[in-house]
>>> print(open('upload16.txt').read())   # compact mmCIF, C-alpha atoms
# COMPACT_ATOMS: atom_id res chain seq x y z
CA MET A 4 18.99 -24.08 42.15
CA SER A 5 16.86 -27.10 41.56
CA SER A 6 14.92 -28.47 38.65
CA ALA A 7 11.29 -29.50 38.79
CA PRO A 8 10.66 -33.25 38.99
CA ALA A 9 9.76 -34.87 35.71
CA PRO A 10 6.04 -35.67 35.32
CA ALA A 11 5.03 -39.27 35.70
CA PRO A 12 4.72 -41.25 32.47
CA GLY A 13 1.41 -40.60 30.78
CA VAL A 14 0.84 -37.38 32.71
CA THR A 15 0.84 -34.17 30.70
CA GLU A 16 2.64 -31.34 32.39
CA ALA A 17 0.45 -28.30 32.83
CA ARG A 18 1.77 -25.26 30.92
CA PRO A 19 1.68 -21.83 32.44
CA ASP A 20 -1.35 -19.89 31.31
CA VAL A 21 0.18 -17.70 28.64
CA GLY A 22 -2.20 -15.33 26.89
CA GLU A 23 -2.39 -15.35 23.12
CA ARG A 24 -0.93 -11.89 22.84
CA ASP A 25 2.00 -12.82 25.16
CA GLN A 26 2.63 -15.92 23.12
CA ARG A 27 2.85 -13.80 19.97
CA GLU A 28 5.34 -11.50 21.68
CA VAL A 29 7.52 -14.50 22.53
CA GLU A 30 7.37 -15.71 18.94
CA ARG A 31 8.21 -12.25 17.64
CA SER A 32 11.26 -12.02 19.90
CA ILE A 33 12.78 -15.15 18.39
CA ASP A 34 15.32 -14.18 15.80
CA VAL A 35 13.78 -15.75 12.73
CA PRO A 36 13.42 -14.10 9.34
CA TYR A 37 10.09 -12.86 8.07
CA ASP A 38 8.90 -12.51 4.50
CA VAL A 39 7.02 -9.63 2.95
CA LEU A 40 4.47 -11.27 0.67
CA LEU A 41 3.08 -9.09 -2.11
CA TRP A 42 -0.40 -10.11 -3.30
CA ASN A 43 -1.77 -9.79 -6.79
CA ASP A 44 -4.69 -7.41 -7.11
CA PRO A 45 -7.02 -6.60 -9.98
CA VAL A 46 -6.76 -2.81 -9.99
CA THR A 47 -3.14 -1.77 -9.55
CA LEU A 48 -1.30 -1.13 -12.80
CA MET A 49 1.75 -3.32 -13.42
CA GLU A 50 4.00 -0.30 -13.98
CA VAL A 51 2.86 1.12 -10.64
CA VAL A 52 3.84 -2.12 -8.85
CA VAL A 53 7.28 -2.11 -10.52
CA ARG A 54 7.89 1.51 -9.61
CA VAL A 55 6.82 0.98 -5.99
CA LEU A 56 9.10 -2.06 -5.59
CA LYS A 57 12.01 -0.01 -6.95
CA LYS A 58 11.25 2.90 -4.67
CA VAL A 59 10.49 1.02 -1.44
CA PHE A 60 13.16 -1.70 -1.66
CA GLY A 61 15.70 -0.07 -3.98
CA TYR A 62 15.46 -2.89 -6.51
CA ASP A 63 16.60 -2.48 -10.11
CA SER A 64 14.05 -2.64 -12.91
CA ASP A 65 14.73 -6.29 -13.80
CA ARG A 66 14.24 -7.54 -10.24
CA ALA A 67 11.18 -5.39 -9.62
CA GLU A 68 9.59 -6.52 -12.88
CA ARG A 69 10.33 -10.19 -12.16
CA LEU A 70 8.73 -9.97 -8.70
CA MET A 71 5.70 -8.14 -10.09
CA LEU A 72 5.20 -10.88 -12.68
CA ILE A 73 5.47 -13.63 -10.06
CA ALA A 74 2.78 -11.91 -7.98
CA HIS A 75 0.62 -11.39 -11.05
CA GLN A 76 0.92 -14.96 -12.31
CA GLU A 77 1.09 -16.92 -9.05
CA GLY A 78 -1.05 -14.71 -6.84
CA LYS A 79 1.76 -13.68 -4.50
CA ALA A 80 5.50 -13.13 -4.37
CA VAL A 81 8.08 -12.93 -1.61
CA VAL A 82 9.51 -9.47 -2.22
CA TRP A 83 11.72 -9.12 0.86
CA THR A 84 13.00 -11.26 3.75
CA GLY A 85 14.51 -10.06 7.01
CA GLU A 86 13.84 -8.66 10.43
CA ARG A 87 10.22 -8.51 11.50
CA ASP A 88 9.86 -4.84 12.40
CA ARG A 89 11.33 -3.78 9.08
CA ALA A 90 8.99 -6.18 7.29
CA VAL A 91 6.01 -4.55 9.00
CA ARG A 92 7.23 -1.08 8.05
CA TYR A 93 7.66 -2.18 4.44
CA CYS A 94 4.12 -3.59 4.40
CA LEU A 95 2.71 -0.32 5.72
CA GLU A 96 4.59 1.60 3.06
CA LEU A 97 3.34 -0.72 0.33
CA ALA A 98 -0.20 -0.18 1.63
CA THR A 99 0.16 3.59 1.28
CA PHE A 100 0.68 3.02 -2.44
CA GLY A 101 -2.42 0.80 -2.53
CA LEU A 102 -0.54 -2.51 -2.64
CA GLN A 103 -1.59 -5.47 -0.50
CA SER A 104 1.06 -7.35 1.42
CA THR A 105 1.52 -9.61 4.43
CA VAL A 106 4.26 -10.26 6.98
CA ALA A 107 4.79 -14.01 7.35
CA ARG A 108 7.42 -16.18 8.99
CA SER A 109 9.89 -17.25 6.37
CA VAL A 110 9.75 -20.97 5.55
CA MET B 19 -9.41 20.99 -35.90
CA SER B 20 -8.46 20.52 -32.30
CA ALA B 21 -5.79 21.96 -30.09
CA ARG B 22 -2.99 19.65 -29.02
CA ARG B 23 -3.67 18.38 -25.53
CA ARG B 24 -1.13 19.61 -22.99
CA ALA B 25 0.49 17.26 -20.53
CA PRO B 26 -1.20 17.46 -17.12
CA PHE B 27 2.18 17.44 -15.37
CA ARG B 28 5.47 18.90 -16.54
CA ARG B 29 8.86 19.47 -14.96
CA THR B 30 9.51 23.19 -14.42
CA ALA B 31 12.88 24.92 -14.70
CA ASP B 32 13.32 24.93 -10.92
CA GLY B 33 12.78 21.15 -10.68
CA ARG B 34 9.20 21.36 -9.42
CA ILE B 35 6.22 19.83 -11.21
CA GLY B 36 3.78 22.15 -12.93
CA LEU B 37 0.10 21.20 -12.92
CA ASP B 38 -2.12 21.83 -15.92
CA LEU B 39 -5.29 20.28 -14.55
CA PRO B 40 -8.97 21.15 -14.92
CA PRO B 41 -10.69 22.22 -11.67
CA GLY B 42 -12.64 18.96 -11.64
CA VAL B 43 -9.46 16.89 -11.44
CA ARG B 44 -8.13 19.02 -8.59
CA GLU B 45 -11.45 18.52 -6.77
CA PHE B 46 -11.24 14.79 -7.48
CA MET B 47 -7.82 14.66 -5.78
CA THR B 48 -8.97 16.67 -2.76
CA ALA B 49 -12.08 14.53 -2.30
CA ALA B 50 -10.11 11.30 -2.77
CA ALA B 51 -7.65 12.32 -0.07
CA GLU B 52 -10.42 13.30 2.34
CA ARG B 53 -12.22 9.99 1.81
CA LEU B 54 -9.06 8.13 2.79
CA ARG B 55 -8.73 9.93 6.11
CA ASP B 56 -10.67 7.36 8.17
CA THR B 57 -9.53 4.28 6.27
CA GLY B 58 -6.87 3.29 8.80
CA SER B 59 -9.26 3.54 11.75
CA THR B 60 -12.24 1.57 10.47
CA PRO B 61 -11.33 -2.12 10.93
CA GLY B 62 -13.83 -4.30 9.17
CA SER B 63 -14.55 -1.84 6.39
CA PRO B 64 -13.75 -3.14 2.88
CA GLY B 65 -11.13 -0.43 2.34
CA PHE B 66 -9.37 -1.22 5.60
CA LEU B 67 -9.39 -4.92 4.94
CA ARG B 68 -8.04 -4.46 1.40
CA LEU B 69 -5.24 -2.10 2.43
CA PHE B 70 -4.28 -3.17 5.93
CA GLY B 71 -6.18 -6.34 6.81
CA ARG B 72 -3.52 -8.76 5.66
CA ILE B 73 -0.38 -7.01 6.85
CA ASP B 74 -0.09 -9.13 9.97
CA GLU B 75 -2.74 -11.78 10.25
CA SER B 76 -1.51 -12.72 13.74
CA ALA B 77 -1.81 -9.20 15.15
CA GLU B 78 -4.77 -7.53 16.80
CA VAL B 79 -6.24 -4.72 14.70
CA ASP B 80 -6.15 -2.52 17.79
CA ASP B 81 -2.46 -3.11 18.46
CA PRO B 82 -1.33 0.44 19.29
CA ALA B 83 1.79 0.18 17.15
CA TYR B 84 -0.27 -0.73 14.11
CA VAL B 85 -2.97 1.84 14.73
CA LEU B 86 -0.36 4.58 15.04
CA GLY B 87 1.61 3.39 12.01
CA ARG B 88 -1.49 3.22 9.82
CA GLN B 89 -2.84 6.58 10.87
CA LEU B 90 0.48 8.40 10.53
CA ALA B 91 1.01 6.93 7.08
CA ILE B 92 -2.43 8.03 5.89
CA ASP B 93 -2.46 11.42 7.62
CA GLU B 94 0.83 12.36 6.01
CA VAL B 95 -0.32 11.78 2.43
CA VAL B 96 -3.81 13.19 2.99
CA ALA B 97 -2.34 16.40 4.38
CA ALA B 98 0.17 16.69 1.54
CA VAL B 99 -2.48 16.29 -1.16
CA ALA B 100 -5.04 18.52 0.56
CA ALA B 101 -2.42 21.27 0.84
CA SER B 102 -1.18 20.99 -2.74
CA ALA B 103 -4.22 20.16 -4.87
CA GLN B 104 -4.90 23.79 -5.77
CA LYS B 105 -1.28 24.88 -6.25
CA PRO B 106 0.19 25.75 -9.67
CA THR B 107 3.27 23.60 -8.94
CA ILE B 108 4.11 20.79 -6.51
CA ASP B 109 7.42 19.32 -5.34
CA THR B 110 8.42 15.70 -5.79
CA ASP B 111 7.37 14.70 -2.25
CA GLU B 112 3.91 16.10 -2.88
CA ALA B 113 3.79 14.27 -6.23
CA GLU B 114 4.64 11.01 -4.45
CA ALA B 115 1.78 11.73 -2.03
CA TRP B 116 -0.54 12.20 -5.03
CA LEU B 117 0.55 8.77 -6.31
CA LYS B 118 -0.16 7.22 -2.93
CA VAL B 119 -3.62 8.77 -2.72
CA LEU B 120 -4.41 7.51 -6.21
CA GLY B 121 -3.17 3.99 -5.37
CA MET B 122 -5.07 3.80 -2.08
CA THR B 123 -8.19 5.24 -3.70
CA LEU B 124 -8.15 2.55 -6.38
CA SER B 125 -7.68 -0.20 -3.79
CA ARG B 126 -10.29 1.16 -1.40
CA ARG B 127 -12.90 1.83 -4.08
CA SER B 128 -12.42 -1.53 -5.74
CA ALA B 129 -12.79 -3.25 -2.36
CA GLU B 130 -16.01 -1.34 -1.70
CA LEU B 131 -17.30 -2.45 -5.10
CA GLY B 132 -16.35 -6.08 -4.44
CA VAL B 133 -13.74 -6.24 -7.20
CA ARG B 134 -11.60 -9.33 -6.70
CA THR B 135 -10.72 -10.28 -10.28
CA ASP B 136 -10.08 -8.64 -13.65
CA GLU B 137 -13.53 -9.83 -14.71
CA ASP B 138 -15.15 -8.08 -11.73
CA ARG B 139 -13.39 -4.85 -12.71
CA GLU B 140 -14.57 -5.11 -16.31
CA LYS B 141 -18.20 -5.48 -15.14
CA LEU B 142 -18.22 -2.16 -13.27
CA ASP B 143 -20.64 0.47 -14.48
CA ASP B 144 -19.53 3.41 -16.62
CA GLU B 145 -19.19 5.82 -13.71
CA ASP B 146 -16.90 3.53 -11.72
CA GLN B 147 -14.92 2.66 -14.87
CA ALA B 148 -14.46 6.40 -15.46
CA VAL B 149 -13.05 6.92 -11.94
CA ILE B 150 -10.56 4.10 -12.54
CA ARG B 151 -9.56 5.54 -15.93
CA VAL B 152 -8.98 9.01 -14.45
CA ALA B 153 -6.88 7.55 -11.62
CA TYR B 154 -4.84 5.42 -14.06
CA ALA B 155 -4.24 8.39 -16.37
CA LEU B 156 -3.06 10.57 -13.48
CA GLN B 157 -0.80 7.80 -12.13
CA VAL B 158 0.86 7.21 -15.50
CA ALA B 159 1.33 10.91 -16.20
CA LEU B 160 2.78 11.51 -12.73
CA MET B 161 5.17 8.56 -12.99
CA ASP B 162 6.31 9.79 -16.41
CA VAL B 163 7.29 13.19 -15.06
CA LEU B 164 8.70 11.91 -11.75
CA ASP B 165 10.91 9.30 -13.41
CA ASP B 166 12.16 11.63 -16.13
CA PRO B 167 13.85 14.61 -14.47
CA ASP B 168 13.98 16.35 -17.85
CA GLY B 169 10.38 15.56 -18.66
>>> encode(input="upload16.txt", output="structure tokens")
Amino acid sequence: MSSAPAPAPGVTEARPDVGERDQREVERSIDVPYDVLLWNDPVTLMEVVVRVLKKVFGYDSDRAERLMLIAHQEGKAVVWTGERDRAVRYCLELATFGLQSTVARSV
Amino acid sequence: MSARRRAPFRRTADGRIGLDLPPGVREFMTAAAERLRDTGSTPGSPGFLRLFGRIDESAEVDDPAYVLGRQLAIDEVVAAVAASAQKPTIDTDEAEAWLKVLGMTLSRRSAELGVRTDEDREKLDDEDQAVIRVAYALQVALMDVLDDPDG
């Protein structure tokens, strides 16, 4: 086994041509947490949001209400953090109740 | 003198949910479900963008996993509402599907009308305001009966 020689100073090493979609797959495979961001919207009733958060995530009333108020007042709220595929499934389920959400890398 | 208005939904003795709805409301539900059918497969439409456009901003809209997930999620609730809208009673799963159709209908319709703020919503014409009021009333009544097993 041998390693490639280091590039000369001032020379940028060419990177393999990785397609955008492949690059996303690599990023997704890295074990980093993802957030489910819930967005405020002007038509969904507050009590509907609270009920959906309780049903989808199993939160109690206090937690669901607190998260709903954060989304309402600040425009968005992190309502769940964890593995990416689960985050996507949660977002799809929120969408079926009419709620807008996004999967984003946790910061 | 006026008769006391009956609740549109009530828990029946066998745990199902009885419907006391005018034909127009049942037609409203059927039509709302049918209108949602293509929402998951029309990227770029206001309804799609409102409901699904932000789920994963780094993903392609034609990613097969997303297309399948969206369509399955919508097909399931559309089928449940279409099959139950004319029944005298529905079960709790069907009632949850009704809630989903109402929620998606509000989001899709408001996106089509360009509603982005509370002020936008308040400026809608009477007909669109009426649709929103009907959907809200059905959502609240359904949640009341679903969350109160004795209700």
>>> interface_residues(input="upload16.txt", of="chain A", to="chain B", cutoff="12 Å", atoms="only C-alpha atoms", output="ChimeraX atom specification")
/A:23-28,30-31,37-55,57-59,75,78,87-88,90-108
>>> atom_distance(input="upload16.txt", atom1="atom CA of B:Val85", atom2="atom CA of A:Ser109")
24.5 Å
>>> atom_distance(input="upload16.txt", atom1="atom CA of A:Trp83", atom2="atom CA of A:Asp65")
15.2 Å
>>> residues_around(input="upload16.txt", residues="B:Pro40", least_positions_apart="6", cutoff="12 Å", atoms="all atoms listed in the file", output="NGL selection string")
:B and (24-27 or 46-47 or 103-104 or 106)
>>> atom_distance(input="upload16.txt", atom1="atom CA of B:Val152", atom2="atom CA of B:Pro41")
13.6 Å
>>> axis_aligned_box(input="upload16.txt", around="stretch 47-51 of chain A", padding_each_side="8 Å", output="AutoDock Vina command-line options")
--center_x 0.4 --center_y -1.1 --center_z -11.8 --size_x 23.1 --size_y 20.4 --size_z 20.4
>>> residues_around(input="upload16.txt", residues="B:Thr107", least_positions_apart="3", cutoff="8 Å", atoms="only C-alpha atoms", output="number ranges by chain")
B: 34-37
>>> build_atoms(input="upload16.txt", residues="stretch 25-58 of chain B", atoms="N, CA and C atoms", output="mmCIF file, keeping the file's coordinate frame")
data_model
loop_
_atom_site.group_PDB
_atom_site.id
_atom_site.type_symbol
_atom_site.label_atom_id
_atom_site.label_comp_id
_atom_site.auth_asym_id
_atom_site.auth_seq_id
_atom_site.Cartn_x
_atom_site.Cartn_y
_atom_site.Cartn_z
ATOM 1 N N ALA B 25 0.250 18.253 -21.585
ATOM 2 C CA ALA B 25 0.490 17.260 -20.530
ATOM 3 C C ALA B 25 -0.025 17.811 -19.201
ATOM 4 N N PRO B 26 -0.676 16.966 -18.395
ATOM 5 C CA PRO B 26 -1.200 17.460 -17.120
ATOM 6 C C PRO B 26 -0.103 17.813 -16.122
ATOM 7 N N PHE B 27 1.059 17.161 -16.270
ATOM 8 C CA PHE B 27 2.180 17.440 -15.370
ATOM 9 C C PHE B 27 3.425 17.697 -16.218
ATOM 10 N N ARG B 28 4.228 18.649 -15.832
ATOM 11 C CA ARG B 28 5.470 18.900 -16.540
ATOM 12 C C ARG B 28 6.519 19.383 -15.551
ATOM 13 N N ARG B 29 7.760 19.035 -15.820
ATOM 14 C CA ARG B 29 8.860 19.470 -14.960
ATOM 15 C C ARG B 29 9.136 20.944 -15.255
ATOM 16 N N THR B 30 9.221 21.759 -14.225
ATOM 17 C CA THR B 30 9.510 23.190 -14.420
ATOM 18 C C THR B 30 11.016 23.418 -14.284
ATOM 19 N N ALA B 31 11.445 24.625 -14.671
ATOM 20 C CA ALA B 31 12.880 24.920 -14.700
ATOM 21 C C ALA B 31 13.521 24.781 -13.323
ATOM 22 N N ASP B 32 12.749 25.019 -12.270
ATOM 23 C CA ASP B 32 13.320 24.930 -10.920
ATOM 24 C C ASP B 32 13.198 23.523 -10.325
ATOM 25 N N GLY B 33 12.832 22.537 -11.142
ATOM 26 C CA GLY B 33 12.780 21.150 -10.680
ATOM 27 C C GLY B 33 11.455 20.757 -10.053
ATOM 28 N N ARG B 34 10.522 21.707 -9.954
ATOM 29 C CA ARG B 34 9.200 21.360 -9.420
ATOM 30 C C ARG B 34 8.352 20.753 -10.544
ATOM 31 N N ILE B 35 7.123 20.437 -10.218
ATOM 32 C CA ILE B 35 6.220 19.830 -11.210
ATOM 33 C C ILE B 35 5.026 20.760 -11.396
ATOM 34 N N GLY B 36 4.892 21.264 -12.620
ATOM 35 C CA GLY B 36 3.780 22.150 -12.930
ATOM 36 C C GLY B 36 2.517 21.354 -13.201
ATOM 37 N N LEU B 37 1.388 21.875 -12.740
ATOM 38 C CA LEU B 37 0.100 21.200 -12.920
ATOM 39 C C LEU B 37 -0.744 21.950 -13.931
ATOM 40 N N ASP B 38 -1.190 21.245 -14.959
ATOM 41 C CA ASP B 38 -2.120 21.830 -15.920
ATOM 42 C C ASP B 38 -3.383 20.959 -15.883
ATOM 43 N N LEU B 39 -4.155 21.154 -14.829
ATOM 44 C CA LEU B 39 -5.290 20.280 -14.550
ATOM 45 C C LEU B 39 -6.593 21.064 -14.509
ATOM 46 N N PRO B 40 -7.663 20.509 -15.052
ATOM 47 C CA PRO B 40 -8.970 21.150 -14.920
ATOM 48 C C PRO B 40 -9.397 21.176 -13.447
ATOM 49 N N PRO B 41 -10.244 22.150 -13.070
ATOM 50 C CA PRO B 41 -10.690 22.220 -11.670
ATOM 51 C C PRO B 41 -11.297 20.907 -11.185
ATOM 52 N N GLY B 42 -11.996 20.208 -12.063
ATOM 53 C CA GLY B 42 -12.640 18.960 -11.640
ATOM 54 C C GLY B 42 -11.639 17.904 -11.187
ATOM 55 N N VAL B 43 -10.467 17.872 -11.823
ATOM 56 C CA VAL B 43 -9.460 16.890 -11.440
ATOM 57 C C VAL B 43 -8.843 17.273 -10.094
ATOM 58 N N ARG B 44 -8.648 18.574 -9.891
ATOM 59 C CA ARG B 44 -8.130 19.020 -8.590
ATOM 60 C C ARG B 44 -9.145 18.678 -7.483
ATOM 61 N N GLU B 45 -10.415 18.873 -7.768
ATOM 62 C CA GLU B 45 -11.450 18.520 -6.770
ATOM 63 C C GLU B 45 -11.481 17.013 -6.532
ATOM 64 N N PHE B 46 -11.286 16.253 -7.600
ATOM 65 C CA PHE B 46 -11.240 14.790 -7.480
ATOM 66 C C PHE B 46 -10.126 14.379 -6.514
ATOM 67 N N MET B 47 -8.953 15.007 -6.655
ATOM 68 C CA MET B 47 -7.820 14.660 -5.780
ATOM 69 C C MET B 47 -8.106 15.039 -4.322
ATOM 70 N N THR B 48 -8.667 16.229 -4.128
ATOM 71 C CA THR B 48 -8.970 16.670 -2.760
ATOM 72 C C THR B 48 -9.980 15.723 -2.110
ATOM 73 N N ALA B 49 -11.027 15.401 -2.848
ATOM 74 C CA ALA B 49 -12.080 14.530 -2.300
ATOM 75 C C ALA B 49 -11.533 13.121 -2.040
ATOM 76 N N ALA B 50 -10.679 12.639 -2.949
ATOM 77 C CA ALA B 50 -10.110 11.300 -2.770
ATOM 78 C C ALA B 50 -9.273 11.250 -1.494
ATOM 79 N N ALA B 51 -8.480 12.290 -1.278
ATOM 80 C CA ALA B 51 -7.650 12.320 -0.070
ATOM 81 C C ALA B 51 -8.527 12.365 1.174
ATOM 82 N N GLU B 52 -9.547 13.180 1.156
ATOM 83 C CA GLU B 52 -10.420 13.300 2.340
ATOM 84 C C GLU B 52 -11.121 11.975 2.639
ATOM 85 N N ARG B 53 -11.524 11.268 1.590
ATOM 86 C CA ARG B 53 -12.220 9.990 1.810
ATOM 87 C C ARG B 53 -11.309 8.938 2.426
ATOM 88 N N LEU B 54 -9.995 9.110 2.237
ATOM 89 C CA LEU B 54 -9.060 8.130 2.790
ATOM 90 C C LEU B 54 -8.799 8.343 4.266
ATOM 91 N N ARG B 55 -9.157 9.526 4.769
ATOM 92 C CA ARG B 55 -8.730 9.930 6.110
ATOM 93 C C ARG B 55 -9.072 8.892 7.187
ATOM 94 N N ASP B 56 -10.262 8.294 7.104
ATOM 95 C CA ASP B 56 -10.670 7.360 8.170
ATOM 96 C C ASP B 56 -10.374 5.895 7.831
ATOM 97 N N THR B 57 -9.714 5.663 6.714
ATOM 98 C CA THR B 57 -9.530 4.280 6.270
ATOM 99 C C THR B 57 -8.724 3.439 7.259
ATOM 100 N N GLY B 58 -7.716 4.057 7.892
ATOM 101 C CA GLY B 58 -6.870 3.290 8.800
ATOM 102 C C GLY B 58 -7.507 3.024 10.156
#
